[in-house]
>>> print(open('entry_38.txt').read())   # compact mmCIF, C-alpha atoms
# COMPACT_ATOMS: atom_id res chain seq x y z
CA MET G 1 71.52 94.18 52.40
CA THR G 2 68.59 95.55 54.40
CA TYR G 3 68.09 94.11 57.87
CA LYS G 4 65.04 94.28 60.11
CA VAL G 5 66.84 94.21 63.47
CA SER G 6 70.34 95.00 64.69
CA VAL G 7 71.48 92.91 67.65
CA ILE G 8 74.38 94.38 69.65
CA ILE G 9 76.70 92.18 71.74
CA PRO G 10 79.51 93.75 73.82
CA THR G 11 82.20 91.24 74.73
CA TYR G 12 85.11 91.01 77.12
CA ASN G 13 86.86 87.72 77.97
CA ALA G 14 83.76 85.73 77.07
CA GLU G 15 85.35 82.65 75.49
CA LYS G 16 83.34 80.30 77.74
CA SER G 17 79.93 81.66 76.75
CA ILE G 18 80.23 83.52 73.46
CA LYS G 19 79.36 80.51 71.24
CA ARG G 20 76.12 79.88 73.15
CA CYS G 21 75.35 83.59 72.92
CA ILE G 22 75.98 83.95 69.18
CA ASP G 23 74.25 80.66 68.34
CA SER G 24 71.11 81.87 70.10
CA VAL G 25 70.97 84.74 67.57
CA ILE G 26 71.84 82.61 64.54
CA ASN G 27 69.05 80.13 65.40
CA GLN G 28 66.26 82.70 65.65
CA THR G 29 62.90 81.72 64.14
CA PHE G 30 62.88 85.26 62.73
CA GLY G 31 65.48 84.16 60.20
CA PHE G 32 69.12 85.09 60.77
CA GLU G 33 69.22 86.71 57.32
CA ASN G 34 66.96 89.46 58.74
CA ILE G 35 69.38 90.23 61.57
CA GLU G 36 72.47 92.42 61.59
CA LEU G 37 74.70 91.06 64.38
CA LEU G 38 77.18 93.65 65.67
CA ILE G 39 79.78 92.30 68.09
CA CYS G 40 82.16 94.77 69.72
CA ASP G 41 85.04 93.31 71.71
CA ASP G 42 86.50 95.40 74.51
CA LYS G 43 90.14 94.27 74.13
CA SER G 44 89.68 90.71 75.41
CA THR G 45 92.78 88.93 76.64
CA ASP G 46 91.45 85.39 76.11
CA ASN G 47 90.29 83.60 72.94
CA THR G 48 87.10 85.65 72.48
CA GLN G 49 88.31 87.61 69.46
CA GLU G 50 89.35 84.49 67.54
CA LEU G 51 85.96 82.88 68.15
CA ILE G 52 84.21 86.02 66.88
CA LYS G 53 86.41 86.07 63.77
CA ASP G 54 85.50 82.43 63.05
CA TYR G 55 81.79 83.33 63.05
CA ALA G 56 82.36 86.48 60.97
CA ARG G 57 84.10 84.42 58.27
CA LYS G 58 81.01 82.21 57.98
CA TYR G 59 78.31 84.91 58.04
CA ASN G 60 78.37 88.23 56.18
CA ASN G 61 75.81 89.75 58.56
CA ILE G 62 78.09 89.28 61.59
CA LYS G 63 80.06 92.51 61.84
CA PRO G 64 82.85 92.52 64.43
CA ILE G 65 84.50 95.58 65.97
CA PHE G 66 87.75 95.15 67.94
CA LEU G 67 88.82 97.96 70.26
CA GLU G 68 92.49 98.73 70.75
CA LYS G 69 92.03 99.43 74.46
CA ASN G 70 89.54 98.45 77.17
CA CYS G 71 86.81 101.09 77.46
CA GLY G 72 83.91 99.48 79.37
CA PRO G 73 80.50 98.15 78.24
CA GLY G 74 78.74 101.52 78.06
CA TYR G 75 81.26 102.87 75.55
CA VAL G 76 81.23 99.58 73.63
CA ARG G 77 77.46 99.57 73.23
CA GLY G 78 77.45 103.24 72.27
CA LEU G 79 80.07 102.75 69.57
CA THR G 80 78.20 99.75 68.19
CA ILE G 81 74.91 101.69 68.04
CA GLU G 82 76.59 104.14 65.67
CA ASN G 83 77.21 101.26 63.25
CA ALA G 84 73.68 99.83 63.36
CA THR G 85 71.79 100.12 60.06
CA SER G 86 68.39 98.52 60.75
CA PRO G 87 65.23 100.30 61.99
CA TYR G 88 65.29 98.49 65.35
CA ILE G 89 67.99 97.74 67.92
CA MET G 90 68.26 94.95 70.49
CA PHE G 91 71.01 94.15 73.00
CA LEU G 92 72.43 90.86 74.24
CA ASP G 93 75.15 90.30 76.85
CA SER G 94 77.89 87.86 75.92
CA ASP G 95 77.30 85.52 78.87
CA ASP G 96 73.54 85.25 78.21
CA ALA G 97 71.32 83.86 75.43
CA TYR G 98 68.09 84.60 73.60
CA GLU G 99 65.09 82.32 73.43
CA LYS G 100 64.75 81.14 69.83
CA ASP G 101 61.78 83.41 69.02
CA ILE G 102 62.59 86.65 70.89
CA CYS G 103 63.49 88.63 67.76
CA GLU G 104 60.31 87.54 66.00
CA VAL G 105 58.07 88.25 69.01
CA LEU G 106 59.54 91.67 69.81
CA TYR G 107 59.77 92.77 66.18
CA ASN G 108 56.16 91.80 65.42
CA SER G 109 54.99 93.46 68.64
CA ILE G 110 56.71 96.78 68.00
CA GLN G 111 55.47 96.82 64.40
CA SER G 112 51.86 95.82 65.03
CA ASN G 113 51.36 98.06 68.09
CA CYS G 114 53.05 101.18 66.65
CA VAL G 115 55.10 101.79 69.81
CA ASP G 116 58.67 103.00 70.32
CA TYR G 117 59.88 100.12 72.44
CA VAL G 118 58.73 96.71 73.58
CA GLN G 119 60.00 94.92 76.67
CA CYS G 120 59.75 91.24 77.55
CA ASN G 121 60.42 89.24 80.69
CA PHE G 122 63.44 87.08 81.46
CA LYS G 123 64.56 83.91 83.19
CA ILE G 124 67.43 83.81 85.66
CA ILE G 125 69.38 80.62 85.06
CA THR G 126 71.66 79.48 87.87
CA GLU G 127 73.74 76.36 88.26
CA ASP G 128 70.98 74.88 90.44
CA LYS G 129 67.72 75.94 88.80
CA ASP G 130 65.86 78.36 86.53
CA ILE G 131 63.90 81.24 88.02
CA THR G 132 61.14 83.03 86.15
CA TYR G 133 61.53 86.54 87.43
CA ASN G 134 58.43 88.72 87.02
CA ASP G 135 58.55 92.28 88.26
CA GLU G 136 56.18 93.59 85.58
CA SER G 137 52.76 92.67 87.01
CA TYR G 138 52.32 96.38 87.81
CA PHE G 139 51.99 97.22 84.10
CA PRO G 140 48.96 96.83 81.82
CA ASP G 141 48.71 94.26 79.02
CA TYR G 142 48.29 96.91 76.35
CA PRO G 143 50.41 99.81 75.00
CA PHE G 144 50.56 102.66 77.50
CA ILE G 145 52.04 106.11 78.01
CA PRO G 146 55.01 105.86 80.44
CA GLU G 147 53.85 108.84 82.49
CA GLU G 148 50.75 106.86 83.49
CA TYR G 149 52.93 104.12 85.01
CA PRO G 150 56.05 105.88 86.39
CA ARG G 151 57.85 102.64 87.20
CA ALA G 152 58.41 102.29 83.47
CA TYR G 153 61.20 104.83 83.97
CA THR G 154 63.00 102.54 86.41
CA GLN G 155 63.28 99.51 84.10
CA SER G 156 67.04 99.40 84.26
CA MET G 157 68.12 96.85 81.64
CA VAL G 158 68.53 97.26 77.88
CA TRP G 159 68.83 93.59 76.93
CA ASP G 160 65.13 92.69 77.39
CA LYS G 161 63.87 95.32 74.93
CA ILE G 162 63.65 96.33 71.29
CA TYR G 163 64.09 100.04 70.47
CA LYS G 164 63.42 102.27 67.48
CA THR G 165 66.85 103.07 66.09
CA LYS G 166 65.71 106.44 64.75
CA ILE G 167 65.03 107.82 68.25
CA VAL G 168 68.34 106.53 69.60
CA LYS G 169 70.35 108.09 66.77
CA ASN G 170 68.38 111.31 66.24
CA LYS G 171 68.56 112.15 69.95
CA ASN G 172 72.18 110.95 70.20
CA LEU G 173 71.34 108.71 73.14
CA LYS G 174 74.33 107.13 74.85
CA LEU G 175 75.23 104.48 77.36
CA TYR G 176 77.48 106.55 79.57
CA LYS G 177 80.95 105.23 80.32
CA THR G 178 81.25 107.31 83.49
CA TYR G 179 77.86 106.62 85.07
CA PHE G 180 76.40 103.52 86.65
CA PRO G 181 73.97 102.08 85.78
CA ASP G 182 74.37 103.22 82.19
CA ASP G 183 71.45 100.99 81.11
CA GLY G 184 69.02 102.84 83.36
CA LEU G 185 70.08 106.27 82.14
CA PHE G 186 69.76 105.12 78.53
CA ASN G 187 66.21 103.84 79.11
CA ILE G 188 65.08 107.01 80.84
CA GLU G 189 66.57 109.23 78.13
CA PHE G 190 64.83 107.11 75.50
CA LEU G 191 61.45 107.47 77.21
CA VAL G 192 61.92 111.19 77.79
CA ASN G 193 62.63 111.66 74.08
CA SER G 194 59.83 109.38 72.90
CA ASN G 195 56.38 110.73 72.14
CA SER G 196 54.79 107.33 71.75
CA LYS G 197 53.46 104.53 73.88
CA ILE G 198 55.45 101.48 74.99
CA LEU G 199 54.48 97.86 75.51
CA ILE G 200 55.61 95.33 78.13
CA LEU G 201 55.02 91.65 77.41
CA LYS G 202 54.64 90.44 80.99
CA ASP G 203 54.07 86.78 80.22
CA TYR G 204 56.69 86.27 77.54
CA TYR G 205 60.13 85.18 78.81
CA GLY G 206 62.44 85.82 75.88
CA TYR G 207 65.78 86.39 77.57
CA ASN G 208 67.97 83.91 79.46
CA TYR G 209 70.13 85.59 82.09
CA TYR G 210 72.89 83.22 83.17
CA ILE G 211 74.48 83.53 86.59
CA HIS G 212 77.48 81.72 88.01
CA ASP G 213 79.18 82.19 91.36
CA ASP G 214 81.59 84.73 89.90
CA SER G 215 78.79 86.99 88.64
CA LEU G 216 77.14 87.81 91.96
CA THR G 217 76.69 91.37 93.18
CA LYS G 218 79.66 90.97 95.50
CA SER G 219 81.96 90.85 92.47
CA ILE G 220 80.90 94.26 91.12
CA PRO G 221 84.02 96.43 91.21
CA TYR G 222 83.90 99.29 93.69
CA ARG G 223 84.71 101.71 90.86
CA ASN G 224 81.30 100.85 89.34
CA ILE G 225 79.24 101.08 92.54
CA GLU G 226 80.94 104.41 93.26
CA LYS G 227 79.45 105.78 90.04
CA TYR G 228 75.84 105.25 91.10
CA PRO G 229 75.38 108.54 93.03
CA LYS G 230 76.97 110.38 90.09
CA GLY G 231 74.51 108.66 87.79
CA LEU G 232 71.57 109.79 89.93
CA ILE G 233 72.82 113.38 89.83
CA LYS G 234 73.18 113.16 86.04
CA LEU G 235 69.67 111.77 85.80
CA SER G 236 68.26 114.54 88.00
CA ASP G 237 69.79 117.18 85.73
CA LEU G 238 68.36 115.43 82.67
CA LEU G 239 64.83 115.24 84.05
CA ILE G 240 64.89 118.89 85.13
CA GLU G 241 66.23 119.95 81.74
CA LYS G 242 63.38 118.08 80.05
CA GLN G 243 60.88 119.72 82.42
CA ILE G 244 59.47 116.40 83.60
CA ASP G 245 56.33 116.58 85.74
CA SER G 246 57.35 117.13 89.37
CA LYS G 247 55.41 114.13 90.68
CA LEU G 248 56.99 111.87 88.08
CA TYR G 249 60.43 113.29 88.89
CA ASP G 250 59.86 112.58 92.58
CA THR G 251 58.83 108.97 91.88
CA ILE G 252 61.81 108.22 89.62
CA ILE G 253 64.44 109.75 91.89
CA ASN G 254 63.11 108.19 95.09
CA THR G 255 62.88 104.77 93.45
CA LEU G 256 66.45 104.87 92.18
CA TYR G 257 67.92 106.36 95.37
CA TYR G 258 66.98 103.11 97.09
CA TYR G 259 69.79 101.35 95.23
CA ILE G 260 72.37 103.77 96.63
CA LEU G 261 71.28 102.70 100.11
CA PHE G 262 71.26 99.05 99.12
CA ASN G 263 74.82 99.37 97.83
CA LEU G 264 75.89 100.32 101.35
CA THR G 265 74.59 97.00 102.66
CA ILE G 266 76.57 94.87 100.20
CA THR G 267 79.92 96.71 100.35
CA THR G 268 80.64 96.58 104.09
CA ASP G 269 83.82 94.63 103.38
CA LEU G 270 85.40 97.70 101.78
CA ASN G 271 88.27 99.29 103.63
CA LYS G 272 87.39 102.14 105.99
CA LYS G 273 88.47 104.88 103.59
CA ASP G 274 86.46 103.59 100.59
CA TYR G 275 83.36 102.85 102.66
CA LYS G 276 83.46 106.35 104.14
CA LYS G 277 83.74 107.71 100.59
CA GLU G 278 80.68 105.71 99.55
CA ILE G 279 78.68 107.18 102.46
CA ASP G 280 79.89 110.67 101.52
CA ASN G 281 78.82 110.09 97.90
CA ALA G 282 75.31 109.15 99.05
CA TYR G 283 75.24 112.24 101.27
CA VAL G 284 76.33 114.51 98.41
CA ALA G 285 73.76 113.00 96.04
CA GLU G 286 70.84 113.62 98.39
CA LYS G 287 72.01 117.13 99.24
CA TYR G 288 72.23 117.90 95.52
CA LEU G 289 68.71 116.76 94.74
CA PRO G 290 65.97 119.45 94.85
CA ILE G 291 63.50 117.12 96.59
CA LYS G 292 63.40 115.37 99.93
CA ILE G 293 64.23 111.69 99.72
CA ARG G 294 61.44 109.58 101.22
CA PRO G 295 62.58 105.98 101.72
CA THR G 296 59.52 103.74 101.82
CA MET G 297 60.85 100.88 103.96
CA LYS G 298 61.67 101.21 107.62
CA TRP G 299 65.23 99.90 107.29
CA THR G 300 65.98 102.35 104.47
CA ARG G 301 64.56 105.26 106.46
CA ILE G 302 66.83 104.42 109.39
CA LEU G 303 69.84 103.94 107.14
CA ASN G 304 69.27 107.21 105.30
CA GLU G 305 69.03 109.10 108.59
CA LEU G 306 72.39 107.68 109.64
CA VAL G 307 73.91 108.58 106.27
CA MET G 308 72.67 112.16 106.43
CA LYS G 309 74.12 112.50 109.94
CA LYS G 310 77.40 110.99 108.69
CA ARG G 311 77.45 108.38 111.41
CA TYR G 312 80.04 106.34 109.59
CA SER G 313 80.60 103.57 112.14
CA LEU G 314 76.89 103.16 112.81
CA VAL G 315 76.14 102.97 109.07
CA ARG G 316 78.62 100.13 108.62
CA TYR G 317 77.37 98.26 111.70
CA TYR G 318 73.73 98.70 110.68
CA CYS G 319 74.42 97.58 107.10
CA LYS G 320 76.33 94.52 108.26
CA THR G 321 73.32 93.60 110.40
CA ILE G 322 70.90 94.08 107.51
CA ASN G 323 73.15 92.09 105.23
CA SER G 324 73.48 89.17 107.62
CA LEU G 325 69.72 89.03 108.14
CA SER G 326 68.91 89.04 104.44
CA GLN G 327 71.90 87.16 103.03
CA SER G 328 70.73 85.01 100.14
CA LYS G 329 72.48 84.17 96.91
CA ILE G 330 69.23 84.30 94.98
CA LEU G 331 68.32 87.71 96.40
CA LEU G 332 71.76 89.04 95.55
CA LYS G 333 71.50 87.64 92.05
CA ILE G 334 68.09 89.22 91.49
CA TYR G 335 69.31 92.51 92.93
CA ARG G 336 72.32 92.45 90.68
CA THR G 337 69.97 92.05 87.74
CA ARG G 338 67.88 95.01 88.83
CA ILE G 339 70.77 97.45 89.20
CA ASN G 340 72.46 96.52 85.97
CA LYS G 341 73.89 93.66 84.01
CA PHE G 342 77.36 94.56 82.91
CA ASN G 343 80.47 92.91 81.59
CA LYS G 344 83.41 93.08 83.92
CA GLY G 345 86.60 94.60 82.62
>>> encode(input="entry_38.txt", output="structure tokens")
Amino acid sequence: MTYKVSVIIPTYNAEKSIKRCIDSVINQTFGFENIELLICDDKSTDNTQELIKDYARKYNNIKPIFLEKNCGPGYVRGLTIENATSPYIMFLDSDDAYEKDICEVLYNSIQSNCVDYVQCNFKIITEDKDITYNDESYFPDYPFIPEEYPRAYTQSMVWDKIYKTKIVKNKNLKLYKTYFPDDGLFNIEFLVNSNSKILILKDYYGYNYYIHDDSLTKSIPYRNIEKYPKGLIKLSDLLIEKQIDSKLYDTIINTLYYYILFNLTITTDLNKKDYKKEIDNAYVAEKYLPIKIRPTMKWTRILNELVMKKRYSLVRYYCKTINSLSQSKILLKIYRTRINKFNKG
């Protein structure tokens, strides 16, 4: 059987949401027979695997993979990519859902515009209301070269896009298990290895990003936030190796370094030892980089100065103040989306 699109779903303890997720793929206007659905379970301890098996028994194009040990979402997605057989790849998180026509819209767009990836917009769905989140007004309405709009390199999610499988496999692109956010590194590597234009559908909201109280930024394990400076260092090495234009390099690195500083404001409840380690990681990352970090906002400039002077107590006090002034569930939810959507486990 030849499929037009491979949809990849990583799962871990998703029994409450996996049916909604899978059904949103089955009910695509594109025709489910055109979709290869690859579901890789990361050693769930609830009923997720049984639910997946039930679907796989009904549909030949649902192909489950069950890991023998928990490895994390980056590894899971990477393993599943290896098994994809269609010319295009899309991603879907197990606690989210597609709009009914996303596969049709993205597939037709990538085909008709002869680009290497197409990105759409998404809705944040909370228990109280739906939020149409649009951070793409910066981009043009037509296919463009990423270098002309550097912020294209900082689009940190994989689940709102369709990619050419050939580029992903030929360049052996991975979602890194040891770096955070792995989505962002994957996107940048894809763009660096692509010689074509991309397209962003600013006014089409094809992805539904569900958030509950237990999926706020505050619940991100410290072991994941700790990986962010390492990810920035990995990214710096990649961009230098690919001989990226110096101005573009500067823009990408400065944009992403902001999130290291933001992490300091939302982790002030860490114990003294771990918080000090997080400050040290930020310090090491900036010292490693071959450019001077230039925070654009006043509060980030002040915070970065304190970090580089290793004023540990002042950093914590300052971040607590910033956090208390800006505390908002919606802001935290949106921020969490921007840094990375990942399955806990």
>>> closest_atom_pairs(input="entry_38.txt", of="stretch 94-182 of chain G", to="stretch 22-30 of chain G", cutoff="10 Å", atoms="only C-alpha atoms", output="CSV")
residue,atom,partner,partner_atom,distance
G:Ser94,CA,G:Ile22,CA,8.0
G:Asp95,CA,G:Ile22,CA,9.9
G:Asp96,CA,G:Ser24,CA,9.1
G:Ala97,CA,G:Ser24,CA,5.7
G:Tyr98,CA,G:Ser24,CA,5.4
G:Glu99,CA,G:Ser24,CA,6.9
G:Lys100,CA,G:Gln28,CA,4.7
G:Asp101,CA,G:Thr29,CA,5.3
G:Ile102,CA,G:Gln28,CA,7.5
G:Cys103,CA,G:Phe30,CA,6.1
G:Glu104,CA,G:Phe30,CA,4.7
G:Val105,CA,G:Phe30,CA,8.5
G:Tyr107,CA,G:Phe30,CA,8.8
G:Asn108,CA,G:Phe30,CA,9.8
>>> write_last_selection(input="entry_38.txt", atoms="C-alpha atoms", output="CSV table (one decimal), in the frame of the given file")
chain,number,residue,atom,x,y,z
G,94,SER,CA,77.9,87.9,75.9
G,95,ASP,CA,77.3,85.5,78.9
G,96,ASP,CA,73.5,85.2,78.2
G,97,ALA,CA,71.3,83.9,75.4
G,98,TYR,CA,68.1,84.6,73.6
G,99,GLU,CA,65.1,82.3,73.4
G,100,LYS,CA,64.8,81.1,69.8
G,101,ASP,CA,61.8,83.4,69.0
G,102,ILE,CA,62.6,86.6,70.9
G,103,CYS,CA,63.5,88.6,67.8
G,104,GLU,CA,60.3,87.5,66.0
G,105,VAL,CA,58.1,88.2,69.0
G,107,TYR,CA,59.8,92.8,66.2
G,108,ASN,CA,56.2,91.8,65.4
>>> closest_residue(input="entry_38.txt", among="G:Tyr3, G:Ser17, G:Leu51, G:Phe122", to="G:Ala84", atoms="only C-alpha atoms")
G:Tyr3
>>> closest_residue(input="entry_38.txt", among="G:Tyr258, G:Tyr204, G:Tyr288, G:Tyr317", to="G:Leu106", atoms="only C-alpha atoms")
G:Tyr204
>>> residues_around(input="entry_38.txt", residues="G:Arg316", least_positions_apart="2", cutoff="9 Å", atoms="all atoms listed in the file", output="number ranges by chain")
G: 264-265, 268, 275, 311-314, 318-321
>>> atom_distance(input="entry_38.txt", atom1="atom CA of G:Lys247", atom2="atom CA of G:Glu148")
11.2 Å
>>> residues_around(input="entry_38.txt", residues="G:Pro150", least_positions_apart="3", cutoff="10 Å", atoms="only C-alpha atoms", output="list in words")
Phe139, Ile145, Pro146, Glu147, Tyr153, Thr154, Gln155, Lys247, Leu248, Tyr249, Asp250, Thr251, Ile252 and Thr255 of chain G
>>> closest_residue(input="entry_38.txt", among="G:Leu37, G:Leu185, G:Leu238, G:Met157", to="G:Lys4", atoms="all atoms listed in the file")
G:Leu37
>>> residues_around(input="entry_38.txt", residues="G:Ile253", least_positions_apart="3", cutoff="12 Å", atoms="only C-alpha atoms", output="VMD selection string")
chain G and resid 150 to 151 153 to 154 184 to 185 188 229 231 to 240 244 246 to 250 256 to 260 285 to 286 288 to 295
>>> closest_residue(input="entry_38.txt", among="G:Cys120, G:Val5, G:Ile39, G:Val158", to="G:Tyr88", atoms="only C-alpha atoms")
G:Val5
>>> atom_distance(input="entry_38.txt", atom1="atom CA of G:Asp280", atom2="atom CA of G:Arg301")
17.0 Å
>>> atom_distance(input="entry_38.txt", atom1="atom CA of G:Ala14", atom2="atom CA of G:Ile52")
10.2 Å
>>> closest_residue(input="entry_38.txt", among="G:Thr85, G:Asn70, G:Asn263, G:Thr126", to="G:Asn323", atoms="only C-alpha atoms")
G:Asn263
>>> closest_residue(input="entry_38.txt", among="G:Phe262, G:Trp159, G:Lys272, G:Pro64", to="G:Thr300", atoms="only C-alpha atoms")
G:Phe262
>>> residues_around(input="entry_38.txt", residues="G:Thr48", least_positions_apart="3", cutoff="9 Å", atoms="all atoms listed in the file", output="number ranges by chain")
G: 11-16, 18, 41, 44-45, 51-53
